[in-house]
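What follows is a short report on a single structure.
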Amino acid sequence: MRKITYCQALNEAMTQEMERDPAVFVYGIGVPDHKRAFGTTNGLVERFGTERCFDTPLSEDAMTGFGLGAAINGARPIHVHMRMDFMLLAMNQLANMVSCYRYMSGGKLKVPLVIRAIIGRGWGQAFQHSKSMFSTFAHIPGLKVVMPTTPVDAKGLLIAAIRDDNPVIFIEHRWLYYATDEVPEGDYSVPIGQPNVLLDGSDVTIVATSWMNVEALRAAETMKKRHGVSVEVVDARSAAPLEDDIIVDSVNKTGHCIIADNDWLHCGLSAEIAARIAEKCFGKLKSPVNRLGFAFTHCPCTRPLENLFYPNATDIIRAIEAKLHLEETDLSGENFYAYENKFKGPF
Amino acid sequence: MKTPMHMSMGAEAIAVGICQALESGDQVFGTYRSHALFLAKTEDTDDFFAEMYGKQTAFLKGKGGSMHLCSPDYGFMGTSAIVASMIPVAVGCAFANKRANNSRIAVVFFGDGAVEEGIFWESLNLACLMKLPVLFVCEDNGLAVHTPKSQRRGYNSITDVVSNFNCLVYQEKTTDAEAIYQLTCRAIEQIKTRPMPCFLQLKYLRYLEHVGVNQDFDAGYRSKDEFKQWLKVDPIELQRRKLKDLGWEKDEIAKLETDIDAKINSSVARAKEACFSGISELYKGVSA
């Protein structure tokens with residue numbers, strides 16, 4: 001099968017869905033400009049015209065209500081935010097309008113609205129270009145929240161989101177744009193709400209979100225090589241809904257769980273997952289559930305400080321070693337930033 | 001009835017005049033103060049009172065109440081209790097209509113307080129930029145809750161400011177539903193032919209307090225004298241006089257009103273008798 005990047009997978013999903021269904025359109029600040037939303041909207045304006053792929057005023061809140069109004073009236077809009085942080089300007093529309101419009105209409109009106117929000121790290125983004133906010137939106141009934149990690153999921157979940165009759169917040173990590181994998185050429189969808197086992201293992205479960213899956217896979221590789229420990233990596237994939245069977249099965253099998261969230265921990269998705277594990281795996285746990293996430297401070301600009309802010313593969317390795325009472329292996333020769341080396345910025 | 005009621009008394013001519021000018025496929029969006037608008041657009045008193053009483057016979061089964069009336073089958077697309085938040089939704093709805101080339105227009109009602117929200121300007125700008133078939137209706141009663149415009153505005157005239165956008169602007173101070181109907185017909189024709197959005201500023205006096213049924217004349221922010229002036233041209237009384245001028249007999253007018261009262265009384269009675277929704281409704285309608 002041919003290989004494409006995560007970025008190309010997003011582009012392909014939108015292209016195919018816009019081809020299939022004339023109700024689909026994509027809009028947002030800078031969407032058709034020369035940078036094409038980091039390449040994800042390449043070719044769309046040429047193929048579908050400015051009526052279905054267009055730029056907007058800098059009005060995030062109104063543009064969200066606009067998408068809602070179009071969605072309840074037969075369209076299937078895709079709204080793109082270059083940063084999750086900008087989407088916060090639309091919090092009123094998201095929390096007070098988009099989430100409850102169907103409920104407000106007695107279930108009569110559908111809200112097939114996709115909101116793509118890009119998150120990331122590196123390049124000195126600092127604290128207003130680096131939030132993830134998974135749990136903030138997942139907390140509100142009526143909003144679906146997904147954050148694919150692999151190119152296959154990027155395409156399949158975006159197609160599922162576009163076809164979903166509910167609002168879906170679709171969160172993409174900028175560093176994942178370079179991830180390359182075999183992706184089916186045809187249309188397919190990945191069900192929203194189900195975690196996915198990225199790596200089978202038997203000794204310890206890492207439940208990770210978004211970019212932290214990449215760190216978890218690197219950590220798993222090292223744990224196998226250095227300690228002979230078999231790590232299972234489960235990508236949560238969705239914050240809402242969150243069907244937890246796959247996570248529960250994995251933790252029941254391994255008895256050990258670390259949650260590596262690409263977000264703050266306090267009141268975050270990691271807390272929700274930990275609570276579910278406590279409720280459903282209590283008798284099978286051999287150690288307390290541990291969590292890794294952003295330092296509970298604001299993201300600093302400069303790289304040495306930023307490295308202290310973000311958790312990484314090393315942190316996961318150390319957490320597993322502590323959990324399993326293993327001696328710390330020497331990681332001085334390891335380089336865990338392969339993807340970032342491809343990222344030439346600016347973000 | 002246990003639902004916060006923001007009464008429409010005083011604004012009847014606006015709702016009636018505009019809705020009379022609409023085609024059945026046109027879509028209206030309102031606010032928490034939309035009783036008059038709902039009744040003018042749907043004429044469905046059974047549904048209205050069932051929802052006021054919060055009963056399962058209402059379309060919304062008692063989940064919305066006074067502030068969240070909705071009846072999409074009638075083109076009554078919903079109301080919001082957050083000031084100005086429905087304005088961009090109407091603009092998006094108009095965009096879908098324009099794409100579908102169905103000649104429908106979207107009409108969004110809001111108070112003069114909504115003009116102070118950023119999203120009003122965002123939405124107006126967008127509608128003008130995209131030349132969308134939207135009728136913006138500013139129901140201007142000069143009050144935002146209890147705060148007069150003198151304490152809210154750093155400019156003199158809403159219409160002067162809006163006139164700088166690529167938008168048709170009309171203003172009117174009348175309680176005559178027929179005059180508002182005619183104005184709206186003109187506005188709609190322009191919206192369709194130009195094409196561009198239109199902003200209507202219609203002044204009226206809110207007869208009652210912000211929420212509830214008191215008059216608040218002793219609260220210091222509104223005067224009884226002003227109310228008395230407006231009452232002389234009360235929208236309902238005005239139509240009675242006009243019917244008389246058209247040659248209607250007093251008895252005929254009384255019969256008309258008795259019939260309306262009977263319809264309302266029967267809707268109220270049915271609503272009172274109906275049951276409340278149960279657990280089966282609690283989660284319904286959240287997701288598709």
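Every chain in the structure tokens has a letter given in the order shown (A, B, ...), and although residue numbers restart at 1 in each chain, ligands are simply numbered from 1 in the order shown.
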Who sits within 8 Å of segment 259-268 of chain A, only C-alpha atoms, same chain under 5 positions skipped, as a PyMOL selection string: chain A and resi 131-136+206-213+216+273-274+289-296+316
Export, as a short mmCIF file (atom, residue, chain, number, x, y, z; two decimals), in the first residue's frame, the selected residues with N, CA and C atoms.
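Written file, selection27.cif:
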data_model
loop_
_atom_site.label_atom_id
_atom_site.label_comp_id
_atom_site.auth_asym_id
_atom_site.auth_seq_id
_atom_site.Cartn_x
_atom_site.Cartn_y
_atom_site.Cartn_z
N LYS A 131 -1.82 25.19 23.94
CA LYS A 131 -2.76 24.44 24.79
C LYS A 131 -3.36 23.25 24.04
N SER A 132 -3.82 22.28 24.82
CA SER A 132 -4.49 21.12 24.23
C SER A 132 -5.99 21.11 24.55
N MET A 133 -6.33 21.36 25.80
CA MET A 133 -7.73 21.59 26.20
C MET A 133 -8.67 20.40 25.94
N PHE A 134 -8.15 19.19 25.86
CA PHE A 134 -9.03 18.04 25.55
C PHE A 134 -10.24 17.99 26.49
N SER A 135 -9.95 18.06 27.80
CA SER A 135 -11.02 17.82 28.77
C SER A 135 -11.97 19.00 28.87
N THR A 136 -11.49 20.19 28.54
CA THR A 136 -12.36 21.38 28.62
C THR A 136 -13.59 21.19 27.74
N ILE A 206 0.43 1.70 28.82
CA ILE A 206 0.51 3.16 28.73
C ILE A 206 -0.71 3.61 27.94
N VAL A 207 -1.56 4.39 28.56
CA VAL A 207 -2.66 5.02 27.82
C VAL A 207 -2.18 6.43 27.47
N ALA A 208 -2.10 6.72 26.17
CA ALA A 208 -1.54 8.00 25.76
C ALA A 208 -2.51 8.75 24.86
N THR A 209 -2.29 10.06 24.76
CA THR A 209 -3.11 10.88 23.87
C THR A 209 -2.21 11.64 22.91
N SER A 210 -2.66 11.72 21.67
CA SER A 210 -2.02 12.56 20.65
C SER A 210 -0.51 12.30 20.59
N TRP A 211 0.29 13.36 20.62
CA TRP A 211 1.74 13.22 20.48
C TRP A 211 2.35 12.28 21.52
N MET A 212 1.75 12.20 22.70
CA MET A 212 2.34 11.37 23.75
C MET A 212 2.38 9.90 23.36
N ASN A 213 1.59 9.51 22.36
CA ASN A 213 1.71 8.14 21.85
C ASN A 213 3.06 7.91 21.20
N ALA A 216 5.39 7.44 23.92
CA ALA A 216 5.15 6.15 24.57
C ALA A 216 5.71 4.99 23.74
N ILE A 273 -9.68 9.11 32.87
CA ILE A 273 -9.27 7.74 32.55
C ILE A 273 -8.86 7.01 33.84
N ALA A 274 -8.13 7.70 34.70
CA ALA A 274 -7.70 7.09 35.97
C ALA A 274 -8.91 6.70 36.81
N VAL A 289 -2.34 3.76 39.66
CA VAL A 289 -2.26 4.38 38.34
C VAL A 289 -1.41 5.64 38.46
N ASN A 290 -0.47 5.80 37.51
CA ASN A 290 0.35 7.03 37.49
C ASN A 290 0.00 7.87 36.27
N ARG A 291 0.28 9.15 36.39
CA ARG A 291 -0.03 10.06 35.27
C ARG A 291 1.17 10.95 34.94
N LEU A 292 1.32 11.19 33.65
CA LEU A 292 2.33 12.14 33.16
C LEU A 292 1.64 13.14 32.25
N GLY A 293 2.01 14.39 32.39
CA GLY A 293 1.42 15.41 31.52
C GLY A 293 2.22 16.69 31.62
N PHE A 294 1.63 17.77 31.09
CA PHE A 294 2.32 19.06 31.14
C PHE A 294 2.55 19.47 32.60
N ALA A 295 3.65 20.17 32.83
CA ALA A 295 3.85 20.78 34.15
C ALA A 295 2.70 21.75 34.39
N PHE A 296 2.22 21.83 35.63
CA PHE A 296 1.05 22.67 35.90
C PHE A 296 1.47 24.13 36.05
N ILE A 316 8.58 8.71 30.62
CA ILE A 316 7.76 7.49 30.63
C ILE A 316 8.61 6.30 31.04
#
Filtered DSSP result for segment 73-235 of chain B, state strand (DSSP E), as a ChimeraX atom specification: /B:76-80,106-111,134-140,143-144,147-148,168-172,198-203
For N, CA and C atoms, I'd like the residues from the last selection saved as a short mmCIF file (atom, residue, chain, number, x, y, z; two decimals), in the first residue's frame.
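Below you can see out-v3.cif, which holds the result:
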data_model
loop_
_atom_site.label_atom_id
_atom_site.label_comp_id
_atom_site.auth_asym_id
_atom_site.auth_seq_id
_atom_site.Cartn_x
_atom_site.Cartn_y
_atom_site.Cartn_z
N PHE B 76 -39.38 28.47 12.84
CA PHE B 76 -38.96 29.16 14.07
C PHE B 76 -37.75 28.38 14.61
N MET B 77 -36.55 28.86 14.28
CA MET B 77 -35.35 28.04 14.40
C MET B 77 -34.73 28.02 15.79
N GLY B 78 -35.20 28.86 16.68
CA GLY B 78 -34.68 28.79 18.03
C GLY B 78 -34.42 30.15 18.63
N THR B 79 -34.22 30.14 19.93
CA THR B 79 -33.94 31.37 20.67
C THR B 79 -32.83 31.09 21.66
N SER B 80 -32.12 32.13 22.02
CA SER B 80 -31.02 31.94 22.95
C SER B 80 -31.13 32.92 24.11
N ALA B 106 -33.19 34.66 6.21
CA ALA B 106 -33.09 34.40 7.64
C ALA B 106 -33.29 35.73 8.36
N VAL B 107 -34.13 35.70 9.38
CA VAL B 107 -34.44 36.92 10.13
C VAL B 107 -34.00 36.71 11.58
N VAL B 108 -33.19 37.62 12.08
CA VAL B 108 -32.75 37.45 13.46
C VAL B 108 -33.14 38.67 14.28
N PHE B 109 -33.81 38.40 15.38
CA PHE B 109 -34.29 39.45 16.29
C PHE B 109 -33.33 39.56 17.47
N PHE B 110 -33.09 40.77 17.90
CA PHE B 110 -32.26 40.99 19.09
C PHE B 110 -32.59 42.37 19.65
N GLY B 111 -32.23 42.60 20.89
CA GLY B 111 -32.48 43.90 21.51
C GLY B 111 -31.33 44.86 21.25
N VAL B 134 -29.94 38.19 4.94
CA VAL B 134 -30.29 38.23 6.36
C VAL B 134 -31.01 39.53 6.66
N LEU B 135 -32.05 39.44 7.45
CA LEU B 135 -32.70 40.63 7.98
C LEU B 135 -32.37 40.71 9.47
N PHE B 136 -31.59 41.73 9.83
CA PHE B 136 -31.28 41.97 11.24
C PHE B 136 -32.37 42.86 11.82
N VAL B 137 -33.01 42.41 12.87
CA VAL B 137 -34.07 43.22 13.47
C VAL B 137 -33.67 43.62 14.89
N CYS B 138 -33.35 44.89 15.04
CA CYS B 138 -32.99 45.40 16.36
C CYS B 138 -34.24 45.96 17.02
N GLU B 139 -34.75 45.24 18.00
CA GLU B 139 -35.92 45.71 18.76
C GLU B 139 -35.39 46.61 19.86
N ASP B 140 -35.48 47.90 19.62
CA ASP B 140 -34.79 48.88 20.46
C ASP B 140 -35.74 49.44 21.52
N LEU B 143 -33.28 49.79 26.74
CA LEU B 143 -32.83 49.23 28.02
C LEU B 143 -32.10 47.91 27.79
N ALA B 144 -31.03 47.71 28.53
CA ALA B 144 -30.41 46.40 28.60
C ALA B 144 -30.58 45.95 30.05
N THR B 147 -30.44 48.86 32.46
CA THR B 147 -29.44 49.89 32.20
C THR B 147 -29.80 50.67 30.94
N PRO B 148 -30.00 51.98 31.07
CA PRO B 148 -30.37 52.78 29.89
C PRO B 148 -29.20 52.95 28.93
N LEU B 168 -28.28 47.54 3.93
CA LEU B 168 -29.43 48.44 3.92
C LEU B 168 -29.82 48.75 5.36
N VAL B 169 -30.19 49.99 5.62
CA VAL B 169 -30.54 50.36 6.99
C VAL B 169 -31.87 51.10 6.99
N TYR B 170 -32.79 50.63 7.80
CA TYR B 170 -34.06 51.34 7.98
C TYR B 170 -34.30 51.52 9.46
N GLN B 171 -34.91 52.64 9.83
CA GLN B 171 -35.36 52.75 11.21
C GLN B 171 -36.78 53.27 11.24
N GLU B 172 -37.49 52.86 12.27
CA GLU B 172 -38.89 53.22 12.36
C GLU B 172 -39.29 53.27 13.83
N CYS B 198 -29.98 43.45 5.45
CA CYS B 198 -30.68 44.66 5.86
C CYS B 198 -30.75 44.73 7.38
N PHE B 199 -30.57 45.92 7.90
CA PHE B 199 -30.66 46.16 9.34
C PHE B 199 -31.87 47.05 9.61
N LEU B 200 -32.80 46.54 10.41
CA LEU B 200 -33.97 47.32 10.79
C LEU B 200 -33.85 47.70 12.26
N GLN B 201 -33.96 48.98 12.53
CA GLN B 201 -34.02 49.39 13.93
C GLN B 201 -35.44 49.83 14.23
N LEU B 202 -36.11 49.12 15.11
CA LEU B 202 -37.50 49.41 15.41
C LEU B 202 -37.63 49.75 16.89
N LYS B 203 -38.06 50.95 17.16
CA LYS B 203 -38.17 51.37 18.56
C LYS B 203 -39.50 50.93 19.15
#
Within 10 Å of Met18 of chain A using only C-alpha atoms, minus same-chain residues under 4 positions, as a list of chain:residue names: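 Skipping anything fewer than 4 positions along the chain leaves A:Glu12, A:Ala13, A:Met14, A:Pro22, A:Ala23, A:Val24, A:Phe25, A:Val26, A:Leu44, A:Arg47, A:Phe48, A:Arg52, A:Cys53, A:Arg76, A:Ile162.
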File of the preceding selection, C-alpha atoms, as a short mmCIF file (atom, residue, chain, number, x, y, z; two decimals), in the first residue's frame:
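Written output follows (selection05.cif):
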data_model
loop_
_atom_site.label_atom_id
_atom_site.label_comp_id
_atom_site.auth_asym_id
_atom_site.auth_seq_id
_atom_site.Cartn_x
_atom_site.Cartn_y
_atom_site.Cartn_z
CA GLU A 12 -7.27 13.38 1.35
CA ALA A 13 -10.14 12.96 3.80
CA MET A 14 -11.44 16.47 3.09
CA PRO A 22 -21.56 18.94 -2.01
CA ALA A 23 -22.86 19.93 1.43
CA VAL A 24 -19.30 19.79 2.81
CA PHE A 25 -17.30 23.02 2.83
CA VAL A 26 -14.18 24.18 4.64
CA LEU A 44 -9.21 22.40 -2.25
CA ARG A 47 -10.92 21.93 -7.05
CA PHE A 48 -14.02 23.20 -5.26
CA ARG A 52 -16.55 25.77 -0.63
CA CYS A 53 -13.08 26.70 0.58
CA ARG A 76 -21.68 20.11 6.63
CA ILE A 162 -17.55 14.94 8.64
#
Contacts of Gln182 of chain B within 12 Å, only C-alpha atoms, excl. fewer than 2 positions in-chain, as a ChimeraX atom specification: /B:13-14,16-22,172,174,176-180,184-189
Residue list (helix (DSSP H, G or I), DSSP) for segment 143-217 of chain B, as an MDAnalysis selection string: chainID B and resid 149:151 158:162 177:193
With N, CA and C atoms kept, could you save the residues just selected as a PDB file, in the first residue's frame?
ATOM      1  N   LYS B 149     -29.506  53.319  27.703  1.00  0.00           N
ATOM      2  CA  LYS B 149     -28.446  53.403  26.694  1.00  0.00           C
ATOM      3  C   LYS B 149     -27.431  54.493  27.024  1.00  0.00           C
ATOM      4  N   SER B 150     -27.858  55.518  27.777  1.00  0.00           N
ATOM      5  CA  SER B 150     -26.913  56.590  28.132  1.00  0.00           C
ATOM      6  C   SER B 150     -25.723  56.046  28.933  1.00  0.00           C
ATOM      7  N   GLN B 151     -25.934  54.926  29.589  1.00  0.00           N
ATOM      8  CA  GLN B 151     -24.841  54.342  30.366  1.00  0.00           C
ATOM      9  C   GLN B 151     -24.131  53.218  29.621  1.00  0.00           C
ATOM     10  N   ILE B 158     -27.112  54.007  16.510  1.00  0.00           N
ATOM     11  CA  ILE B 158     -26.768  52.676  15.979  1.00  0.00           C
ATOM     12  C   ILE B 158     -26.829  52.704  14.457  1.00  0.00           C
ATOM     13  N   THR B 159     -27.880  53.306  13.935  1.00  0.00           N
ATOM     14  CA  THR B 159     -28.065  53.258  12.479  1.00  0.00           C
ATOM     15  C   THR B 159     -26.962  54.026  11.749  1.00  0.00           C
ATOM     16  N   ASP B 160     -26.465  55.113  12.365  1.00  0.00           N
ATOM     17  CA  ASP B 160     -25.349  55.836  11.736  1.00  0.00           C
ATOM     18  C   ASP B 160     -24.133  54.916  11.606  1.00  0.00           C
ATOM     19  N   VAL B 161     -23.858  54.171  12.656  1.00  0.00           N
ATOM     20  CA  VAL B 161     -22.691  53.286  12.627  1.00  0.00           C
ATOM     21  C   VAL B 161     -22.912  52.165  11.608  1.00  0.00           C
ATOM     22  N   VAL B 162     -24.074  51.533  11.670  1.00  0.00           N
ATOM     23  CA  VAL B 162     -24.346  50.402  10.767  1.00  0.00           C
ATOM     24  C   VAL B 162     -24.366  50.860   9.307  1.00  0.00           C
ATOM     25  N   ALA B 177     -48.545  47.624  13.280  1.00  0.00           N
ATOM     26  CA  ALA B 177     -48.052  46.391  12.657  1.00  0.00           C
ATOM     27  C   ALA B 177     -48.075  46.502  11.131  1.00  0.00           C
ATOM     28  N   GLU B 178     -49.068  47.209  10.623  1.00  0.00           N
ATOM     29  CA  GLU B 178     -49.193  47.322   9.170  1.00  0.00           C
ATOM     30  C   GLU B 178     -48.019  48.120   8.581  1.00  0.00           C
ATOM     31  N   ALA B 179     -47.631  49.178   9.282  1.00  0.00           N
ATOM     32  CA  ALA B 179     -46.492  49.987   8.808  1.00  0.00           C
ATOM     33  C   ALA B 179     -45.214  49.143   8.838  1.00  0.00           C
ATOM     34  N   ILE B 180     -45.070  48.342   9.874  1.00  0.00           N
ATOM     35  CA  ILE B 180     -43.868  47.487   9.967  1.00  0.00           C
ATOM     36  C   ILE B 180     -43.921  46.392   8.897  1.00  0.00           C
ATOM     37  N   TYR B 181     -45.097  45.900   8.632  1.00  0.00           N
ATOM     38  CA  TYR B 181     -45.264  44.915   7.553  1.00  0.00           C
ATOM     39  C   TYR B 181     -44.807  45.498   6.211  1.00  0.00           C
ATOM     40  N   GLN B 182     -45.262  46.709   5.932  1.00  0.00           N
ATOM     41  CA  GLN B 182     -44.904  47.325   4.650  1.00  0.00           C
ATOM     42  C   GLN B 182     -43.404  47.603   4.556  1.00  0.00           C
ATOM     43  N   LEU B 183     -42.858  48.077   5.655  1.00  0.00           N
ATOM     44  CA  LEU B 183     -41.414  48.333   5.692  1.00  0.00           C
ATOM     45  C   LEU B 183     -40.636  47.032   5.459  1.00  0.00           C
ATOM     46  N   THR B 184     -41.098  45.967   6.101  1.00  0.00           N
ATOM     47  CA  THR B 184     -40.407  44.676   5.969  1.00  0.00           C
ATOM     48  C   THR B 184     -40.515  44.150   4.539  1.00  0.00           C
ATOM     49  N   CYS B 185     -41.656  44.313   3.920  1.00  0.00           N
ATOM     50  CA  CYS B 185     -41.809  43.871   2.525  1.00  0.00           C
ATOM     51  C   CYS B 185     -40.788  44.590   1.635  1.00  0.00           C
ATOM     52  N   ARG B 186     -40.658  45.894   1.843  1.00  0.00           N
ATOM     53  CA  ARG B 186     -39.673  46.663   1.068  1.00  0.00           C
ATOM     54  C   ARG B 186     -38.266  46.149   1.331  1.00  0.00           C
ATOM     55  N   ALA B 187     -37.973  45.920   2.608  1.00  0.00           N
ATOM     56  CA  ALA B 187     -36.634  45.457   2.995  1.00  0.00           C
ATOM     57  C   ALA B 187     -36.323  44.106   2.355  1.00  0.00           C
ATOM     58  N   ILE B 188     -37.286  43.216   2.381  1.00  0.00           N
ATOM     59  CA  ILE B 188     -37.056  41.865   1.847  1.00  0.00           C
ATOM     60  C   ILE B 188     -36.829  41.919   0.333  1.00  0.00           C
ATOM     61  N   GLU B 189     -37.590  42.751  -0.326  1.00  0.00           N
ATOM     62  CA  GLU B 189     -37.413  42.883  -1.772  1.00  0.00           C
ATOM     63  C   GLU B 189     -35.988  43.364  -2.086  1.00  0.00           C
ATOM     64  N   GLN B 190     -35.534  44.331  -1.306  1.00  0.00           N
ATOM     65  CA  GLN B 190     -34.170  44.852  -1.485  1.00  0.00           C
ATOM     66  C   GLN B 190     -33.114  43.789  -1.170  1.00  0.00           C
ATOM     67  N   ILE B 191     -33.337  43.046  -0.091  1.00  0.00           N
ATOM     68  CA  ILE B 191     -32.385  41.988   0.287  1.00  0.00           C
ATOM     69  C   ILE B 191     -32.209  41.021  -0.876  1.00  0.00           C
ATOM     70  N   LYS B 192     -33.310  40.711  -1.527  1.00  0.00           N
ATOM     71  CA  LYS B 192     -33.263  39.720  -2.617  1.00  0.00           C
ATOM     72  C   LYS B 192     -32.727  40.297  -3.920  1.00  0.00           C
ATOM     73  N   THR B 193     -33.013  41.551  -4.187  1.00  0.00           N
ATOM     74  CA  THR B 193     -32.604  42.085  -5.486  1.00  0.00           C
ATOM     75  C   THR B 193     -31.194  42.655  -5.476  1.00  0.00           C
TER      76      THR B 193
END
Find the residues of chain A that sit at most 10 Å from chain B; for each, write down the nearest two atoms and how far apart they are in Å, to one decimal. Count only C-alpha atoms. Sort by chain, then by number going up, and give it as a tab-separated table.
residue	atom	partner	partner_atom	distance
A:Ala23	CA	B:Ala96	CA	9.0
A:Glu51	CA	B:Arg99	CA	8.2
A:Arg52	CA	B:Arg99	CA	9.6
A:Thr56	CA	B:Leu126	CA	8.0
A:Pro57	CA	B:Leu126	CA	7.1
A:Leu58	CA	B:Glu122	CA	8.3
A:Ser59	CA	B:Glu122	CA	5.8
A:Glu60	CA	B:Glu122	CA	8.8
A:Asp61	CA	B:Ile119	CA	6.7
A:Ala62	CA	B:Pro88	CA	5.1
A:Met63	CA	B:Pro88	CA	7.1
A:Thr64	CA	B:Pro88	CA	7.8
A:Gly65	CA	B:Val89	CA	4.7
A:Phe66	CA	B:Gly92	CA	3.8
A:Gly67	CA	B:Gly92	CA	5.8
A:Leu68	CA	B:Val89	CA	5.9
A:Gly69	CA	B:Val89	CA	4.0
A:Ala70	CA	B:Gly92	CA	4.5
A:Ala71	CA	B:Cys93	CA	7.7
A:Ile72	CA	B:Cys93	CA	7.3
A:Asn73	CA	B:Cys93	CA	5.7
A:Gly74	CA	B:Ala96	CA	7.0
A:Ala75	CA	B:Ala96	CA	6.3
A:Arg76	CA	B:Ala96	CA	9.7
A:Pro77	CA	B:Gly92	CA	10.0
A:Ala90	CA	B:Ile119	CA	9.8
A:Asn92	CA	B:Ser85	CA	7.9
A:Gln93	CA	B:Ser85	CA	7.0
A:Asn96	CA	B:Ile82	CA	7.8
A:Met97	CA	B:Ser85	CA	7.6
A:Val98	CA	B:Val89	CA	9.6
A:Ser99	CA	B:Val286	CA	8.1
A:Cys100	CA	B:Val286	CA	6.8
A:Tyr101	CA	B:Gly78	CA	8.4
A:Arg102	CA	B:Gly285	CA	6.0
A:Tyr103	CA	B:Gly285	CA	4.5
A:Met104	CA	B:Gly64	CA	6.4
A:Ser105	CA	B:Cys70	CA	5.8
A:Gly106	CA	B:Leu60	CA	5.0
A:Gly107	CA	B:Gly285	CA	4.0
A:Lys108	CA	B:Pro72	CA	7.5
A:Leu109	CA	B:Pro72	CA	7.7
A:Lys110	CA	B:Ala288	CA	6.9
A:Val111	CA	B:Ala288	CA	8.5
A:Pro112	CA	B:Ala288	CA	9.4
A:Pro141	CA	B:Val286	CA	7.1
A:Gly142	CA	B:Val286	CA	5.5
A:Leu143	CA	B:Ser287	CA	8.5
A:Lys144	CA	B:Ser287	CA	9.4
A:Asp164	CA	B:Ala288	CA	8.3
A:Asp165	CA	B:Ala288	CA	5.9
A:Asn166	CA	B:Ala288	CA	6.1
A:Pro167	CA	B:Ser287	CA	8.9
For segment 219-228 of chain B: contacts at 8 Å, only C-alpha atoms, fewer than 2 positions along chain excluded, given as a ChimeraX atom specification: /B:146-148,205,207,216-217,230-232
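Using only C-alpha atoms, the contacts of Arg33 of chain B at a cut-off of 7 Å, with sequence neighbours closer than 6 positions omitted, comprise His6, Met7, Ser8 and Met67 of chain B.
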Let's have the selection written as a PDB file, in the first residue's frame, with C-alpha atoms.
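Once written, again_19.pdb looks like this:
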ATOM      1  CA  HIS B   6     -39.251  38.044  29.635  1.00  0.00           C
ATOM      2  CA  MET B   7     -42.490  39.516  28.414  1.00  0.00           C
ATOM      3  CA  SER B   8     -43.108  40.907  24.935  1.00  0.00           C
ATOM      4  CA  MET B  67     -36.281  31.325  27.042  1.00  0.00           C
TER       5      MET B  67
END
Point-to-point distance from atom CA of Asp112 of chain B to atom CA of Glu209 of chain B, Å rounded to tenths: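 Interatomic distance here is 15.7 Å.
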For atom CA of Pro148 of chain A and atom CA of Tyr6 of chain A, the interatomic separation in Å (one decimal): 9.4 Å
Selection near Leu326 of chain A, 12 Å with only C-alpha atoms, sequence-local residues under 6 positions removed, as a ChimeraX atom specification: /A:223,226-229,317-320
Expected file: the selected residues, C-alpha atoms, as a PDB file, in the first residue's frame:
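What ended up in again_19.pdb:
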ATOM      1  CA  MET A 223      11.970  -0.767  27.686  1.00  0.00           C
ATOM      2  CA  ARG A 226      17.015  -2.428  27.889  1.00  0.00           C
ATOM      3  CA  HIS A 227      14.795  -4.265  30.362  1.00  0.00           C
ATOM      4  CA  GLY A 228      12.938  -6.903  28.374  1.00  0.00           C
ATOM      5  CA  VAL A 229       9.700  -5.285  29.562  1.00  0.00           C
ATOM      6  CA  ILE A 317      10.737   5.116  30.852  1.00  0.00           C
ATOM      7  CA  ARG A 318      11.578   6.393  34.333  1.00  0.00           C
ATOM      8  CA  ALA A 319       7.954   6.051  35.416  1.00  0.00           C
ATOM      9  CA  ILE A 320       7.827   2.438  34.228  1.00  0.00           C
TER      10      ILE A 320
END
